[in-house]
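Peer 1: So I've got this file, start_7.csv, and it contains CSV, N, CA and C atoms:
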```
chain,number,residue,atom,x,y,z
A,1,MET,N,57.6,31.4,40.2
A,1,MET,CA,56.4,30.6,40.0
A,1,MET,C,55.4,30.9,41.0
A,2,SER,N,54.2,30.9,40.5
A,2,SER,CA,53.1,31.1,41.5
A,2,SER,C,52.7,29.8,42.2
A,3,LYS,N,51.8,29.9,43.2
A,3,LYS,CA,51.4,28.7,43.9
A,3,LYS,C,50.7,27.7,43.0
A,4,ASN,N,49.9,28.1,42.1
A,4,ASN,CA,49.2,27.2,41.2
A,4,ASN,C,50.1,26.5,40.3
A,5,GLU,N,51.1,27.2,39.8
A,5,GLU,CA,52.1,26.5,38.9
A,5,GLU,C,52.9,25.5,39.7
A,6,GLU,N,53.2,25.8,40.9
A,6,GLU,CA,54.0,24.8,41.7
A,6,GLU,C,53.2,23.6,42.0
A,7,GLU,N,51.9,23.8,42.3
A,7,GLU,CA,51.0,22.6,42.6
A,7,GLU,C,50.9,21.8,41.3
A,8,ILE,N,50.7,22.4,40.2
A,8,ILE,CA,50.6,21.6,38.9
A,8,ILE,C,51.9,20.8,38.7
A,9,PHE,N,53.0,21.5,38.9
A,9,PHE,CA,54.3,20.8,38.7
A,9,PHE,C,54.5,19.6,39.6
A,10,GLU,N,54.1,19.8,40.9
A,10,GLU,CA,54.2,18.7,41.8
A,10,GLU,C,53.2,17.5,41.4
A,11,ASN,N,52.0,17.9,41.0
A,11,ASN,CA,51.1,16.9,40.6
A,11,ASN,C,51.6,16.1,39.4
A,12,GLN,N,52.2,16.8,38.4
A,12,GLN,CA,52.8,16.1,37.3
A,12,GLN,C,53.9,15.1,37.7
A,13,GLU,N,54.8,15.5,38.6
A,13,GLU,CA,55.8,14.7,39.1
A,13,GLU,C,55.3,13.5,39.8
A,14,ALA,N,54.2,13.7,40.6
A,14,ALA,CA,53.6,12.5,41.3
A,14,ALA,C,53.0,11.5,40.4
A,15,SER,N,52.3,12.0,39.3
A,15,SER,CA,51.7,11.1,38.4
A,15,SER,C,52.8,10.4,37.5
A,16,ALA,N,53.9,11.0,37.2
A,16,ALA,CA,55.0,10.4,36.5
A,16,ALA,C,55.6,9.3,37.4
A,17,GLU,N,55.8,9.5,38.7
A,17,GLU,CA,56.3,8.5,39.5
A,17,GLU,C,55.4,7.3,39.7
A,18,ALA,N,54.0,7.6,39.7
A,18,ALA,CA,53.1,6.5,39.8
A,18,ALA,C,53.0,5.7,38.6
A,19,ALA,N,53.3,6.3,37.4
A,19,ALA,CA,53.3,5.6,36.2
A,19,ALA,C,54.4,4.6,36.1
A,20,GLU,N,55.5,4.9,36.8
A,20,GLU,CA,56.7,4.0,36.7
A,20,GLU,C,56.7,2.9,37.8
A,21,THR,N,55.6,2.8,38.5
A,21,THR,CA,55.6,1.7,39.5
A,21,THR,C,55.4,0.4,38.8
A,22,PRO,N,55.8,-0.7,39.4
A,22,PRO,CA,55.8,-2.1,38.8
A,22,PRO,C,54.4,-2.5,38.4
A,23,ALA,N,53.4,-2.1,39.2
A,23,ALA,CA,52.0,-2.5,38.8
A,23,ALA,C,51.6,-1.8,37.5
A,24,ALA,N,51.9,-0.5,37.4
A,24,ALA,CA,51.6,0.3,36.2
A,24,ALA,C,52.3,-0.3,34.9
A,25,VAL,N,53.5,-0.7,35.1
A,25,VAL,CA,54.3,-1.2,34.0
A,25,VAL,C,53.7,-2.6,33.5
A,26,GLU,N,53.3,-3.4,34.5
A,26,GLU,CA,52.7,-4.7,34.2
A,26,GLU,C,51.4,-4.5,33.4
A,27,ALA,N,50.6,-3.5,33.9
A,27,ALA,CA,49.3,-3.2,33.2
A,27,ALA,C,49.5,-2.8,31.8
A,28,VAL,N,50.5,-2.0,31.5
A,28,VAL,CA,50.8,-1.5,30.1
A,28,VAL,C,51.3,-2.7,29.3
A,29,GLU,N,52.1,-3.6,29.8
A,29,GLU,CA,52.6,-4.8,29.1
A,29,GLU,C,51.4,-5.7,28.8
A,30,ALA,N,50.5,-5.9,29.7
A,30,ALA,CA,49.3,-6.7,29.5
A,30,ALA,C,48.5,-6.2,28.4
A,31,VAL,N,48.3,-4.9,28.3
A,31,VAL,CA,47.6,-4.4,27.2
A,31,VAL,C,48.3,-4.6,25.8
A,32,GLU,N,49.6,-4.5,25.8
A,32,GLU,CA,50.3,-4.7,24.6
A,32,GLU,C,50.2,-6.2,24.2
A,33,VAL,N,50.2,-7.1,25.1
A,33,VAL,CA,50.1,-8.5,24.8
A,33,VAL,C,48.7,-8.8,24.2
A,34,LYS,N,47.7,-8.2,24.8
A,34,LYS,CA,46.4,-8.5,24.3
A,34,LYS,C,46.2,-7.9,22.8
A,35,ALA,N,46.9,-6.9,22.5
A,35,ALA,CA,46.8,-6.3,21.1
A,35,ALA,C,47.4,-7.3,20.1
A,36,ASP,N,48.4,-8.0,20.5
A,36,ASP,CA,49.1,-9.0,19.6
A,36,ASP,C,48.5,-10.3,19.6
A,37,ALA,N,47.5,-10.6,20.5
A,37,ALA,CA,46.9,-11.9,20.6
A,37,ALA,C,46.3,-12.5,19.3
A,38,PRO,N,45.6,-11.7,18.5
A,38,PRO,CA,45.0,-12.3,17.3
A,38,PRO,C,46.1,-12.7,16.3
A,39,ALA,N,47.2,-12.0,16.2
A,39,ALA,CA,48.3,-12.3,15.3
A,39,ALA,C,49.0,-13.6,15.8
A,40,GLU,N,49.1,-13.7,17.1
A,40,GLU,CA,49.8,-14.9,17.7
A,40,GLU,C,48.9,-16.1,17.5
A,41,ALA,N,47.6,-16.0,17.6
A,41,ALA,CA,46.7,-17.1,17.4
A,41,ALA,C,46.7,-17.5,15.9
A,42,ALA,N,46.8,-16.6,15.0
A,42,ALA,CA,46.8,-16.9,13.6
A,42,ALA,C,48.1,-17.6,13.3
A,43,LYS,N,49.2,-17.2,13.9
A,43,LYS,CA,50.5,-17.9,13.6
A,43,LYS,C,50.4,-19.3,14.1
A,44,ALA,N,49.8,-19.5,15.3
A,44,ALA,CA,49.8,-20.9,15.9
A,44,ALA,C,48.8,-21.7,15.1
A,45,ALA,N,47.8,-21.1,14.4
A,45,ALA,CA,46.8,-21.9,13.7
A,45,ALA,C,47.3,-22.4,12.3
A,46,GLY,N,48.4,-21.9,11.9
A,46,GLY,CA,48.9,-22.4,10.6
A,46,GLY,C,49.5,-21.3,9.7
A,47,GLY,N,50.2,-20.4,10.2
A,47,GLY,CA,50.8,-19.4,9.4
A,47,GLY,C,50.6,-18.0,9.8
A,48,GLU,N,51.0,-17.1,9.0
A,48,GLU,CA,50.8,-15.7,9.4
A,48,GLU,C,49.4,-15.2,8.9
A,49,THR,N,49.0,-14.1,9.3
A,49,THR,CA,47.7,-13.5,8.9
A,49,THR,C,47.8,-13.1,7.4
A,50,PRO,N,46.7,-13.2,6.7
A,50,PRO,CA,46.7,-12.9,5.3
A,50,PRO,C,47.2,-11.5,5.0
A,51,ALA,N,46.9,-10.5,5.8
A,51,ALA,CA,47.4,-9.1,5.6
A,51,ALA,C,48.9,-9.0,5.6
A,52,ARG,N,49.5,-9.8,6.5
A,52,ARG,CA,51.0,-9.7,6.7
A,52,ARG,C,51.7,-10.5,5.6
A,53,LYS,N,51.0,-11.6,5.2
A,53,LYS,CA,51.7,-12.5,4.2
A,53,LYS,C,51.6,-12.0,2.8
A,54,GLY,N,50.7,-11.1,2.5
A,54,GLY,CA,50.6,-10.5,1.2
A,54,GLY,C,49.5,-11.3,0.4
A,55,GLU,N,48.8,-12.2,1.0
A,55,GLU,CA,47.7,-12.9,0.3
A,55,GLU,C,46.4,-12.1,0.3
A,56,ARG,N,45.5,-12.5,-0.6
A,56,ARG,CA,44.2,-11.9,-0.5
A,56,ARG,C,43.2,-13.0,-0.3
A,57,GLY,N,42.0,-12.5,0.0
A,57,GLY,CA,40.9,-13.5,0.3
A,57,GLY,C,40.5,-14.2,-1.1
A,58,ASN,N,39.5,-15.0,-1.0
A,58,ASN,CA,39.0,-15.7,-2.2
A,58,ASN,C,38.4,-14.7,-3.1
A,59,ARG,N,38.8,-14.7,-4.4
A,59,ARG,CA,38.3,-13.7,-5.3
A,59,ARG,C,37.2,-14.5,-6.2
A,60,ALA,N,36.3,-13.7,-6.7
A,60,ALA,CA,35.3,-14.4,-7.5
A,60,ALA,C,35.9,-14.9,-8.8
A,61,GLN,N,35.5,-16.1,-9.2
A,61,GLN,CA,36.0,-16.8,-10.4
A,61,GLN,C,34.8,-17.1,-11.3
A,62,LYS,N,34.9,-17.0,-12.6
A,62,LYS,CA,33.9,-17.4,-13.5
A,62,LYS,C,34.5,-18.2,-14.7
A,63,VAL,N,33.8,-19.1,-15.3
A,63,VAL,CA,34.3,-19.8,-16.5
A,63,VAL,C,33.4,-19.4,-17.6
A,64,GLY,N,34.0,-19.0,-18.7
A,64,GLY,CA,33.2,-18.6,-19.9
A,64,GLY,C,34.0,-18.8,-21.2
A,65,ILE,N,33.4,-18.4,-22.3
A,65,ILE,CA,33.9,-18.6,-23.6
A,65,ILE,C,34.3,-17.2,-24.1
A,66,VAL,N,35.5,-17.1,-24.7
A,66,VAL,CA,36.0,-15.9,-25.3
A,66,VAL,C,35.2,-15.6,-26.5
A,67,SER,N,34.5,-14.4,-26.6
A,67,SER,CA,33.7,-14.1,-27.7
A,67,SER,C,34.4,-13.1,-28.6
A,68,SER,N,35.4,-12.4,-28.1
A,68,SER,CA,36.1,-11.4,-28.9
A,68,SER,C,37.5,-11.2,-28.4
A,69,ASP,N,38.5,-11.3,-29.3
A,69,ASP,CA,39.9,-11.0,-28.9
A,69,ASP,C,40.5,-10.0,-29.8
A,70,LYS,N,39.7,-9.0,-30.3
A,70,LYS,CA,40.2,-8.1,-31.3
A,70,LYS,C,41.1,-6.9,-30.7
A,71,MET,N,41.1,-6.9,-29.4
A,71,MET,CA,41.9,-5.9,-28.7
A,71,MET,C,43.3,-6.5,-28.4
A,72,GLU,N,44.3,-5.6,-28.0
A,72,GLU,CA,45.6,-6.1,-27.9
A,72,GLU,C,45.8,-7.0,-26.6
A,73,LYS,N,45.4,-6.5,-25.5
A,73,LYS,CA,45.6,-7.3,-24.2
A,73,LYS,C,44.3,-7.5,-23.5
A,74,THR,N,43.2,-7.4,-24.2
A,74,THR,CA,41.9,-7.5,-23.6
A,74,THR,C,41.0,-8.5,-24.5
A,75,CYS,N,40.2,-9.3,-23.8
A,75,CYS,CA,39.3,-10.1,-24.5
A,75,CYS,C,37.9,-10.0,-23.8
A,76,VAL,N,36.9,-10.3,-24.6
A,76,VAL,CA,35.5,-10.3,-24.0
A,76,VAL,C,35.1,-11.7,-23.8
A,77,VAL,N,34.7,-12.0,-22.5
A,77,VAL,CA,34.4,-13.4,-22.1
A,77,VAL,C,32.9,-13.4,-21.8
A,78,ARG,N,32.2,-14.4,-22.5
A,78,ARG,CA,30.8,-14.5,-22.3
A,78,ARG,C,30.5,-15.7,-21.3
A,79,VAL,N,29.8,-15.3,-20.2
A,79,VAL,CA,29.6,-16.3,-19.2
A,79,VAL,C,28.1,-16.6,-19.2
A,80,ASP,N,27.7,-17.9,-19.4
A,80,ASP,CA,26.4,-18.4,-19.5
A,80,ASP,C,26.0,-19.0,-18.1
A,81,ARG,N,24.8,-18.8,-17.7
A,81,ARG,CA,24.3,-19.4,-16.5
A,81,ARG,C,22.8,-19.7,-16.6
A,82,LEU,N,22.4,-20.7,-15.9
A,82,LEU,CA,21.0,-21.0,-15.9
A,82,LEU,C,20.3,-20.6,-14.6
A,83,ILE,N,19.2,-19.9,-14.7
A,83,ILE,CA,18.5,-19.5,-13.5
A,83,ILE,C,17.0,-20.1,-13.6
A,84,LYS,N,16.4,-20.3,-12.5
A,84,LYS,CA,15.1,-20.8,-12.5
A,84,LYS,C,14.1,-19.6,-12.6
A,85,HIS,N,13.2,-19.6,-13.5
A,85,HIS,CA,12.2,-18.5,-13.7
A,85,HIS,C,11.3,-18.5,-12.4
A,86,PRO,N,11.1,-17.4,-11.8
A,86,PRO,CA,10.3,-17.3,-10.6
A,86,PRO,C,8.9,-17.8,-10.7
A,87,ARG,N,8.2,-17.5,-11.9
A,87,ARG,CA,6.8,-17.9,-12.1
A,87,ARG,C,6.7,-19.2,-12.7
A,88,TYR,N,7.4,-19.5,-13.8
A,88,TYR,CA,7.2,-20.7,-14.6
A,88,TYR,C,8.0,-21.8,-14.2
A,89,ARG,N,9.0,-21.7,-13.3
A,89,ARG,CA,9.8,-22.7,-12.7
A,89,ARG,C,10.6,-23.5,-13.8
A,90,ARG,N,10.9,-22.8,-14.9
A,90,ARG,CA,11.7,-23.4,-15.9
A,90,ARG,C,13.1,-22.7,-15.8
A,91,TYR,N,14.1,-23.4,-16.3
A,91,TYR,CA,15.4,-22.8,-16.3
A,91,TYR,C,15.6,-22.0,-17.6
A,92,VAL,N,16.1,-20.8,-17.3
A,92,VAL,CA,16.3,-19.8,-18.4
A,92,VAL,C,17.7,-19.5,-18.5
A,93,ARG,N,18.3,-19.4,-19.7
A,93,ARG,CA,19.7,-19.1,-19.9
A,93,ARG,C,19.9,-17.6,-19.9
A,94,ARG,N,20.8,-17.2,-19.1
A,94,ARG,CA,21.2,-15.8,-19.0
A,94,ARG,C,22.7,-15.7,-19.4
A,95,ARG,N,23.1,-14.6,-20.1
A,95,ARG,CA,24.4,-14.4,-20.5
A,95,ARG,C,24.9,-13.0,-19.9
A,96,SER,N,26.2,-13.0,-19.6
A,96,SER,CA,26.9,-11.8,-19.1
A,96,SER,C,28.2,-11.7,-19.9
A,97,LYS,N,28.6,-10.5,-20.2
A,97,LYS,CA,29.9,-10.3,-20.9
A,97,LYS,C,30.8,-9.5,-20.0
A,98,PHE,N,32.0,-10.0,-19.9
A,98,PHE,CA,33.0,-9.4,-19.1
A,98,PHE,C,34.2,-9.1,-19.9
A,99,MET,N,34.8,-7.9,-19.7
A,99,MET,CA,36.1,-7.6,-20.4
A,99,MET,C,37.2,-8.0,-19.4
A,100,ALA,N,38.1,-8.8,-19.9
A,100,ALA,CA,39.2,-9.4,-19.1
A,100,ALA,C,40.5,-9.1,-19.7
A,101,HIS,N,41.5,-8.9,-18.8
A,101,HIS,CA,42.9,-8.7,-19.2
A,101,HIS,C,43.4,-10.1,-19.7
A,102,ASN,N,44.0,-10.1,-20.9
A,102,ASN,CA,44.4,-11.4,-21.5
A,102,ASN,C,45.8,-11.4,-21.9
A,103,GLU,N,46.7,-11.9,-21.0
A,103,GLU,CA,48.1,-12.1,-21.3
A,103,GLU,C,48.4,-13.5,-21.6
A,104,MET,N,47.4,-14.4,-21.5
A,104,MET,CA,47.6,-15.8,-21.7
A,104,MET,C,47.5,-16.2,-23.2
A,105,GLY,N,47.0,-15.3,-24.0
A,105,GLY,CA,46.9,-15.5,-25.4
A,105,GLY,C,45.6,-16.3,-25.8
A,106,ALA,N,44.5,-16.1,-25.1
A,106,ALA,CA,43.3,-16.7,-25.4
A,106,ALA,C,42.7,-16.1,-26.7
A,107,THR,N,42.1,-17.0,-27.5
A,107,THR,CA,41.5,-16.6,-28.8
A,107,THR,C,40.1,-16.9,-28.7
A,108,THR,N,39.3,-16.4,-29.8
A,108,THR,CA,37.9,-16.6,-29.8
A,108,THR,C,37.5,-18.0,-29.8
A,109,GLY,N,36.6,-18.4,-29.0
A,109,GLY,CA,36.1,-19.8,-28.9
A,109,GLY,C,36.8,-20.5,-27.7
A,110,ASP,N,37.8,-20.0,-27.1
A,110,ASP,CA,38.5,-20.7,-26.0
A,110,ASP,C,37.6,-20.7,-24.8
A,111,ARG,N,37.6,-21.8,-24.0
A,111,ARG,CA,37.0,-21.7,-22.7
A,111,ARG,C,38.0,-21.3,-21.7
A,112,VAL,N,37.7,-20.2,-20.9
A,112,VAL,CA,38.7,-19.7,-20.0
A,112,VAL,C,38.2,-19.5,-18.6
A,113,ARG,N,39.1,-19.4,-17.6
A,113,ARG,CA,38.7,-19.1,-16.3
A,113,ARG,C,39.1,-17.6,-16.0
A,114,ILE,N,38.2,-16.8,-15.6
A,114,ILE,CA,38.6,-15.4,-15.2
A,114,ILE,C,38.4,-15.2,-13.7
A,115,VAL,N,39.2,-14.3,-13.2
A,115,VAL,CA,39.2,-14.0,-11.8
A,115,VAL,C,39.1,-12.5,-11.6
A,116,GLU,N,38.4,-12.1,-10.6
A,116,GLU,CA,38.1,-10.7,-10.3
A,116,GLU,C,39.4,-10.0,-9.8
A,117,THR,N,39.6,-8.8,-10.3
A,117,THR,CA,40.9,-8.1,-9.9
A,117,THR,C,40.5,-6.6,-9.7
A,118,ARG,N,41.6,-5.8,-9.5
A,118,ARG,CA,41.4,-4.4,-9.3
A,118,ARG,C,41.0,-3.8,-10.7
A,119,PRO,N,40.4,-2.6,-10.7
A,119,PRO,CA,40.1,-1.9,-12.0
A,119,PRO,C,41.3,-1.7,-12.8
A,120,LEU,N,41.3,-2.2,-14.0
A,120,LEU,CA,42.5,-2.1,-14.9
A,120,LEU,C,42.2,-1.0,-15.9
A,121,SER,N,41.0,-0.7,-16.2
A,121,SER,CA,40.6,0.4,-17.1
A,121,SER,C,39.1,0.7,-16.8
A,122,ALA,N,38.5,1.5,-17.7
A,122,ALA,CA,37.1,1.9,-17.4
A,122,ALA,C,36.1,0.8,-17.2
A,123,ARG,N,36.3,-0.3,-18.0
A,123,ARG,CA,35.4,-1.4,-18.0
A,123,ARG,C,36.0,-2.7,-17.7
A,124,LYS,N,37.3,-2.8,-17.5
A,124,LYS,CA,38.0,-4.0,-17.3
A,124,LYS,C,38.3,-4.3,-15.8
A,125,ARG,N,37.7,-5.3,-15.2
A,125,ARG,CA,37.9,-5.6,-13.8
A,125,ARG,C,38.1,-7.1,-13.6
A,126,TRP,N,38.5,-7.8,-14.7
A,126,TRP,CA,38.7,-9.3,-14.6
A,126,TRP,C,40.0,-9.6,-15.3
A,127,ARG,N,40.5,-10.8,-15.0
A,127,ARG,CA,41.8,-11.2,-15.6
A,127,ARG,C,41.7,-12.7,-16.0
A,128,VAL,N,42.2,-13.1,-17.1
A,128,VAL,CA,42.3,-14.5,-17.5
A,128,VAL,C,43.4,-15.1,-16.8
A,129,VAL,N,43.1,-16.2,-16.1
A,129,VAL,CA,44.1,-16.9,-15.3
A,129,VAL,C,44.4,-18.3,-15.9
A,130,GLU,N,43.5,-18.9,-16.7
A,130,GLU,CA,43.7,-20.2,-17.2
A,130,GLU,C,42.9,-20.4,-18.5
A,131,ILE,N,43.5,-21.0,-19.4
A,131,ILE,CA,42.8,-21.5,-20.6
A,131,ILE,C,42.4,-22.9,-20.4
A,132,ILE,N,41.1,-23.2,-20.2
A,132,ILE,CA,40.7,-24.5,-19.9
A,132,ILE,C,40.6,-25.4,-21.1
A,133,GLN,N,40.1,-24.9,-22.2
A,133,GLN,CA,40.0,-25.7,-23.4
A,133,GLN,C,40.2,-24.8,-24.6
A,134,LYS,N,41.1,-25.1,-25.5
A,134,LYS,CA,41.4,-24.3,-26.7
A,134,LYS,C,40.2,-24.6,-27.7
A,135,ALA,N,39.9,-23.6,-28.5
A,135,ALA,CA,38.9,-23.7,-29.5
A,135,ALA,C,39.3,-24.7,-30.6
A,136,ALA,N,38.3,-25.5,-31.1
A,136,ALA,CA,38.6,-26.4,-32.3
A,136,ALA,C,38.7,-25.5,-33.5
A,137,LYS,N,39.7,-25.7,-34.3
A,137,LYS,CA,39.9,-24.8,-35.5
A,137,LYS,C,39.7,-25.6,-36.7
```
What's the structure tokens form of this structure?

Peer 2:
Amino acid sequence: MSKNEEEIFENQEASAEAAETPAAVEAVEAVEVKADAPAEAAKAAGGETPARKGERGNRAQKVGIVSSDKMEKTCVVRVDRLIKHPRYRRYVRRRSKFMAHNEMGATTGDRVRIVETRPLSARKRWRVVEIIQKAAK
């Protein structure tokens, strides 16, 4: 070995010994504890963190009327809302149509609650979670 290689080898040994000193070990443990602090605080506050528990945050929900149920597991839900017209200050009715995954068996005219979900098809991003009121037949 040349002199440079010996010096490098000695420097590596010295740094390895310094890393094993009690002060260095305590510093590493303190950093690890700080990294787990948010999870510990969440557990103390009333349970595990949502990411660990498998829960998701609040998803958007809408209530509407089924306007079409001609597809097998899909229905079209019409959601009406009132907005104030910016100039005339009168309330104007606006409608939106959403395609929702329907395994609850909702039929045309039913009032349903839909919730936002992952994309299920090209246009379907909602799911029927509750039939609030059955249609009068």

Peer 1: With distances taken over only C-alpha atoms, which of A:Asp110, A:Asp69, A:Glu116, A:Asp80 is nearest to Gly57 in chain A?

Peer 2: A:Glu116

Peer 1: Mind listing as a compact mmCIF listing (two decimals) with N, CA and C atoms, in the frame of the given file all residues within 6.5 Å of (29.3, -10.5, -23.5), counting only N, CA and C atoms?

Peer 2:
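So the final result, stored in selection.txt, reads:
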```txt
# COMPACT_ATOMS: atom_id res chain seq x y z
N VAL A 76 36.90 -10.30 -24.60
CA VAL A 76 35.50 -10.30 -24.00
C VAL A 76 35.10 -11.70 -23.80
N VAL A 77 34.70 -12.00 -22.50
CA VAL A 77 34.40 -13.40 -22.10
C VAL A 77 32.90 -13.40 -21.80
N ARG A 78 32.20 -14.40 -22.50
CA ARG A 78 30.80 -14.50 -22.30
C ARG A 78 30.50 -15.70 -21.30
N VAL A 79 29.80 -15.30 -20.20
CA VAL A 79 29.60 -16.30 -19.20
C VAL A 79 28.10 -16.60 -19.20
N ARG A 95 23.10 -14.60 -20.10
CA ARG A 95 24.40 -14.40 -20.50
C ARG A 95 24.90 -13.00 -19.90
N SER A 96 26.20 -13.00 -19.60
CA SER A 96 26.90 -11.80 -19.10
C SER A 96 28.20 -11.70 -19.90
N LYS A 97 28.60 -10.50 -20.20
CA LYS A 97 29.90 -10.30 -20.90
C LYS A 97 30.80 -9.50 -20.00
N PHE A 98 32.00 -10.00 -19.90
CA PHE A 98 33.00 -9.40 -19.10
C PHE A 98 34.20 -9.10 -19.90
```

Peer 1: Which residues are near Trp126 in chain A? Cut-off 6.5 Å, only N, CA and C atoms, ignore same chain within fewer than 2 positions. Put them as a PyMOL selection string.

Peer 2: chain A and resi 99-101+114-118+120+123-124+128

Peer 1: Report, in Å with one decimal, the straight-line distance from atom C of Gln133 in chain A to atom C of Gln61 in chain A.

Peer 2: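 Atom C of Gln133 in chain A sits 16.3 Å away from atom C of Gln61 in chain A.
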
Peer 1: According to DSSP computed on the backbone, where in range 57-122 of chain A is there strand (DSSP E or B)? Give the residues as a ChimeraX atom specification.

Peer 2: /A:61-68,74-84,91-101,111-116

Peer 1: Find the residues near Gly109 in chain A: any atom within 8 Å, counting only C-alpha atoms, skip ones fewer than 5 places away on the same chain, and give them as a count of residues only.

Peer 2: 6

Peer 1: Skipping near chain neighbours, those fewer than 5 positions away, what residues fall within 6 Å of Ile131 in chain A using all atoms listed in the file, listed as a PyMOL selection string?

Peer 2: chain A and resi 111-113

Peer 1: At what distance in Å, to one decimal, does atom N of Pro119 in chain A lie from atom N of Glu55 in chain A?

Peer 2: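 Atom N of Glu55 in chain A sits 17.3 Å away from atom N of Pro119 in chain A.
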
Peer 1: CA of Ser68 in chain A to CA of Thr108 in chain A: how many Å, to one decimal?

Peer 2: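 Distance reported for this atom pair: 5.6 Å.
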